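The file entry.txt comes next; it holds compact mmCIF, N, CA and C atoms.
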```txt
# COMPACT_ATOMS: atom_id res chain seq x y z
N MET T 1 2.29 -96.33 -117.42
CA MET T 1 1.55 -95.08 -117.61
C MET T 1 0.12 -95.39 -118.01
N ARG T 2 -0.81 -94.66 -117.46
CA ARG T 2 -2.22 -94.89 -117.74
C ARG T 2 -2.63 -94.20 -119.03
N ASP T 3 -3.66 -94.76 -119.70
CA ASP T 3 -4.16 -94.18 -120.94
C ASP T 3 -5.10 -93.00 -120.69
N SER T 4 -5.73 -92.95 -119.54
CA SER T 4 -6.71 -91.90 -119.26
C SER T 4 -6.07 -90.74 -118.50
N LEU T 5 -6.72 -89.61 -118.57
CA LEU T 5 -6.28 -88.44 -117.82
C LEU T 5 -6.75 -88.55 -116.39
N ALA T 6 -5.95 -88.06 -115.49
CA ALA T 6 -6.29 -88.12 -114.08
C ALA T 6 -6.16 -86.74 -113.46
N MET T 7 -6.96 -86.52 -112.43
CA MET T 7 -6.82 -85.32 -111.62
C MET T 7 -6.10 -85.77 -110.35
N VAL T 8 -4.98 -85.16 -110.06
CA VAL T 8 -4.20 -85.51 -108.88
C VAL T 8 -4.08 -84.28 -107.99
N SER T 9 -4.31 -84.48 -106.71
CA SER T 9 -4.13 -83.39 -105.75
C SER T 9 -3.47 -83.95 -104.50
N TYR T 10 -2.99 -83.06 -103.65
CA TYR T 10 -2.33 -83.46 -102.42
C TYR T 10 -2.95 -82.72 -101.25
N ILE T 11 -3.07 -83.43 -100.14
CA ILE T 11 -3.54 -82.85 -98.88
C ILE T 11 -2.35 -82.87 -97.94
N SER T 12 -1.95 -81.71 -97.47
CA SER T 12 -0.83 -81.62 -96.54
C SER T 12 -1.36 -81.67 -95.12
N LEU T 13 -0.91 -82.67 -94.39
CA LEU T 13 -1.35 -82.82 -93.00
C LEU T 13 -0.29 -82.33 -92.01
N GLY T 14 0.75 -81.70 -92.52
CA GLY T 14 1.83 -81.23 -91.66
C GLY T 14 2.89 -82.30 -91.50
N HIS T 15 2.51 -83.43 -90.95
CA HIS T 15 3.45 -84.54 -90.72
C HIS T 15 3.52 -85.48 -91.92
N ALA T 16 2.56 -85.37 -92.84
CA ALA T 16 2.52 -86.27 -94.00
C ALA T 16 1.69 -85.63 -95.11
N ASP T 17 1.96 -86.06 -96.32
CA ASP T 17 1.15 -85.65 -97.47
C ASP T 17 0.31 -86.82 -97.93
N VAL T 18 -0.92 -86.53 -98.32
CA VAL T 18 -1.84 -87.55 -98.81
C VAL T 18 -2.09 -87.25 -100.28
N ARG T 19 -1.88 -88.24 -101.13
CA ARG T 19 -2.10 -88.09 -102.57
C ARG T 19 -3.51 -88.56 -102.90
N VAL T 20 -4.24 -87.76 -103.68
CA VAL T 20 -5.61 -88.10 -104.08
C VAL T 20 -5.67 -88.07 -105.60
N GLU T 21 -6.18 -89.15 -106.19
CA GLU T 21 -6.26 -89.24 -107.65
C GLU T 21 -7.68 -89.60 -108.05
N LEU T 22 -8.23 -88.87 -109.03
CA LEU T 22 -9.55 -89.15 -109.59
C LEU T 22 -9.37 -89.48 -111.06
N VAL T 23 -9.86 -90.66 -111.48
CA VAL T 23 -9.69 -91.13 -112.85
C VAL T 23 -11.02 -91.65 -113.36
N ALA T 24 -11.35 -91.32 -114.61
CA ALA T 24 -12.50 -91.92 -115.28
C ALA T 24 -12.06 -93.29 -115.79
N VAL T 25 -12.73 -94.34 -115.32
CA VAL T 25 -12.37 -95.70 -115.75
C VAL T 25 -12.65 -95.85 -117.25
N THR T 26 -13.78 -95.32 -117.69
CA THR T 26 -14.11 -95.20 -119.11
C THR T 26 -14.52 -93.74 -119.34
N PRO T 27 -14.64 -93.29 -120.59
CA PRO T 27 -15.00 -91.88 -120.81
C PRO T 27 -16.30 -91.43 -120.15
N THR T 28 -17.21 -92.37 -119.89
CA THR T 28 -18.49 -92.01 -119.27
C THR T 28 -18.63 -92.56 -117.85
N GLY T 29 -17.55 -92.97 -117.25
CA GLY T 29 -17.58 -93.50 -115.90
C GLY T 29 -17.54 -95.00 -115.89
N PRO T 30 -17.45 -95.60 -114.75
CA PRO T 30 -17.43 -95.01 -113.41
C PRO T 30 -16.12 -94.24 -113.16
N TYR T 31 -16.09 -93.57 -112.02
CA TYR T 31 -14.96 -92.73 -111.65
C TYR T 31 -14.30 -93.30 -110.41
N ARG T 32 -13.00 -93.47 -110.48
CA ARG T 32 -12.23 -94.10 -109.41
C ARG T 32 -11.52 -93.02 -108.60
N LEU T 33 -11.78 -93.01 -107.30
CA LEU T 33 -11.13 -92.09 -106.37
C LEU T 33 -10.17 -92.90 -105.52
N GLU T 34 -8.88 -92.56 -105.58
CA GLU T 34 -7.87 -93.25 -104.79
C GLU T 34 -7.22 -92.25 -103.84
N VAL T 35 -7.20 -92.59 -102.57
CA VAL T 35 -6.59 -91.76 -101.54
C VAL T 35 -5.42 -92.55 -100.96
N ASP T 36 -4.21 -92.04 -101.18
CA ASP T 36 -2.99 -92.71 -100.71
C ASP T 36 -2.47 -92.01 -99.47
N HIS T 37 -2.87 -92.52 -98.32
CA HIS T 37 -2.41 -92.04 -97.02
C HIS T 37 -1.20 -92.90 -96.63
N PRO T 38 -0.23 -92.35 -95.90
CA PRO T 38 0.93 -93.15 -95.52
C PRO T 38 0.57 -94.45 -94.78
N GLU T 39 -0.55 -94.47 -94.08
CA GLU T 39 -0.94 -95.66 -93.32
C GLU T 39 -1.87 -96.59 -94.07
N LYS T 40 -2.54 -96.08 -95.13
CA LYS T 40 -3.53 -96.92 -95.81
C LYS T 40 -3.94 -96.27 -97.12
N THR T 41 -4.34 -97.10 -98.08
CA THR T 41 -4.87 -96.62 -99.35
C THR T 41 -6.35 -96.94 -99.42
N ILE T 42 -7.14 -95.95 -99.81
CA ILE T 42 -8.59 -96.12 -99.96
C ILE T 42 -8.93 -95.96 -101.44
N VAL T 43 -9.71 -96.89 -101.98
CA VAL T 43 -10.17 -96.81 -103.38
C VAL T 43 -11.68 -96.95 -103.37
N GLU T 44 -12.36 -95.98 -103.99
CA GLU T 44 -13.83 -96.01 -104.09
C GLU T 44 -14.21 -95.67 -105.53
N TYR T 45 -15.37 -96.17 -105.95
CA TYR T 45 -15.88 -95.92 -107.30
C TYR T 45 -17.20 -95.16 -107.23
N PHE T 46 -17.41 -94.24 -108.19
CA PHE T 46 -18.60 -93.39 -108.21
C PHE T 46 -19.18 -93.32 -109.62
N ASP T 47 -20.48 -93.07 -109.71
CA ASP T 47 -21.16 -92.95 -111.00
C ASP T 47 -20.87 -91.63 -111.69
N THR T 48 -20.62 -90.57 -110.90
CA THR T 48 -20.38 -89.25 -111.48
C THR T 48 -19.11 -88.65 -110.88
N PRO T 49 -18.45 -87.77 -111.63
CA PRO T 49 -17.28 -87.10 -111.05
C PRO T 49 -17.67 -86.18 -109.89
N PHE T 50 -18.88 -85.63 -109.94
CA PHE T 50 -19.34 -84.77 -108.85
C PHE T 50 -19.41 -85.54 -107.53
N ALA T 51 -19.96 -86.75 -107.58
CA ALA T 51 -20.05 -87.59 -106.38
C ALA T 51 -18.65 -87.91 -105.84
N ALA T 52 -17.71 -88.16 -106.74
CA ALA T 52 -16.34 -88.45 -106.32
C ALA T 52 -15.70 -87.23 -105.68
N LEU T 53 -15.95 -86.06 -106.23
CA LEU T 53 -15.38 -84.83 -105.67
C LEU T 53 -15.99 -84.50 -104.30
N LEU T 54 -17.27 -84.80 -104.13
CA LEU T 54 -17.89 -84.61 -102.80
C LEU T 54 -17.22 -85.52 -101.77
N ARG T 55 -16.96 -86.76 -102.17
CA ARG T 55 -16.30 -87.70 -101.27
C ARG T 55 -14.88 -87.24 -100.97
N HIS T 56 -14.21 -86.71 -101.98
CA HIS T 56 -12.86 -86.15 -101.79
C HIS T 56 -12.91 -85.06 -100.71
N ALA T 57 -13.90 -84.18 -100.79
CA ALA T 57 -14.04 -83.10 -99.80
C ALA T 57 -14.32 -83.66 -98.41
N GLU T 58 -15.13 -84.70 -98.31
CA GLU T 58 -15.41 -85.33 -97.01
C GLU T 58 -14.15 -85.92 -96.41
N ILE T 59 -13.37 -86.62 -97.24
CA ILE T 59 -12.14 -87.25 -96.75
C ILE T 59 -11.13 -86.20 -96.33
N GLU T 60 -10.98 -85.15 -97.13
CA GLU T 60 -10.05 -84.07 -96.79
C GLU T 60 -10.45 -83.41 -95.47
N ALA T 61 -11.74 -83.17 -95.28
CA ALA T 61 -12.21 -82.56 -94.03
C ALA T 61 -11.92 -83.47 -92.84
N ALA T 62 -12.19 -84.75 -93.00
CA ALA T 62 -11.96 -85.70 -91.91
C ALA T 62 -10.47 -85.79 -91.55
N LEU T 63 -9.60 -85.82 -92.55
CA LEU T 63 -8.17 -85.92 -92.29
C LEU T 63 -7.60 -84.66 -91.66
N SER T 64 -8.19 -83.52 -91.99
CA SER T 64 -7.68 -82.25 -91.46
C SER T 64 -8.40 -81.82 -90.18
N GLY T 65 -9.37 -82.62 -89.71
CA GLY T 65 -10.06 -82.32 -88.47
C GLY T 65 -11.13 -81.26 -88.58
N GLN T 66 -11.60 -81.00 -89.80
CA GLN T 66 -12.65 -80.01 -90.01
C GLN T 66 -13.98 -80.71 -90.22
N SER T 67 -15.07 -79.93 -90.17
CA SER T 67 -16.37 -80.53 -90.44
C SER T 67 -16.55 -80.68 -91.95
N ALA T 68 -17.41 -81.61 -92.34
CA ALA T 68 -17.66 -81.86 -93.76
C ALA T 68 -18.27 -80.63 -94.41
N PRO T 69 -17.96 -80.38 -95.67
CA PRO T 69 -18.57 -79.24 -96.37
C PRO T 69 -20.09 -79.37 -96.38
N VAL T 70 -20.78 -78.24 -96.38
CA VAL T 70 -22.24 -78.23 -96.33
C VAL T 70 -22.83 -79.02 -97.49
N SER T 71 -22.28 -78.87 -98.70
CA SER T 71 -22.81 -79.56 -99.86
C SER T 71 -22.62 -81.06 -99.79
N ALA T 72 -21.70 -81.52 -98.94
CA ALA T 72 -21.44 -82.94 -98.82
C ALA T 72 -22.16 -83.56 -97.64
N THR T 73 -22.82 -82.75 -96.84
CA THR T 73 -23.52 -83.26 -95.67
C THR T 73 -24.89 -83.80 -96.08
N PRO T 74 -25.21 -85.04 -95.73
CA PRO T 74 -26.52 -85.60 -96.08
C PRO T 74 -27.66 -84.76 -95.48
N THR T 75 -28.76 -84.66 -96.22
CA THR T 75 -29.93 -83.95 -95.73
C THR T 75 -31.10 -84.90 -95.62
N ASP T 76 -32.04 -84.56 -94.77
CA ASP T 76 -33.23 -85.36 -94.58
C ASP T 76 -34.24 -85.01 -95.66
N ALA T 77 -34.61 -86.00 -96.49
CA ALA T 77 -35.52 -85.75 -97.60
C ALA T 77 -36.99 -85.80 -97.20
N SER T 78 -37.27 -86.17 -95.97
CA SER T 78 -38.69 -86.28 -95.58
C SER T 78 -39.29 -84.96 -95.14
```
As a first step, turn the structure in this file into structure tokens.
Amino acid sequence: MRDSLAMVSYISLGHADVRVELVAVTPTGPYRLEVDHPEKTIVEYFDTPFAALLRHAEIEAALSGQSAPVSATPTDAS
């Protein structure tokens, strides 16, 4: 059992469920995002929980065949 609190959610793809877990490695970060797909596990680290949640939204959109959320789409700063 882990000492830290985690946010766990599931993405239903119809044929499979994908487990997504977001955990603060320390109270102030970094934040670990783990995506457990039946075919592969992806683990990424982020400086903020917001960045991790944006990535969660991107992954969920990609797995479900939808376009990325507007807030997660990169913009041209020039």
For this session: List the residues sitting within 9 Å of (-6.9, -94.0, -102.6) in the file's frame, using only C-alpha atoms, as a list in words.
Result: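 The distance filter leaves exactly Arg19, Val20, Glu21, Leu22, Arg32, Leu33, Glu34, Val35, Asp36, His37, Lys40, Thr41, Ile42, Val43 and Glu44 of chain T.
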Problem set entry | Counting only N, CA and C atoms, the option among T:Phe46, T:Glu60, T:Gly29, T:Ala24 closest to Ile11 of chain T |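 Residue with the minimum atom-to-atom distance to Ile11 of chain T: T:Glu60.
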For this session: DSSP on the backbone, then: every residue of chain T marked strand (DSSP E), written as a list in words.
Result: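 In chain T, DSSP puts these residues in strand (DSSP E): Ala6, Met7, Val8, Ser9, Tyr10, Ile11, Ser12, Asp17, Val18, Arg19, Val20, Glu21, Leu22, Val23, Ala24, Tyr31, Arg32, Leu33, Glu34, Val35, Asp36, His37, Lys40, Thr41, Ile42, Val43, Glu44, Tyr45 and Phe46 of chain T.
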Exercise. Which distance in Å separates atom CA of Ala16 of chain T and atom CA of Pro38 of chain T, to one decimal?
Worked result: 7.2 Å
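Atom N of Val23 of chain T is found 22.9 Å from atom C of Ser67 of chain T.
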Problem set entry | One-decimal distance in Å that lies between atom CA of Met7 of chain T and atom CA of Tyr31 of chain T | 11.0 Å
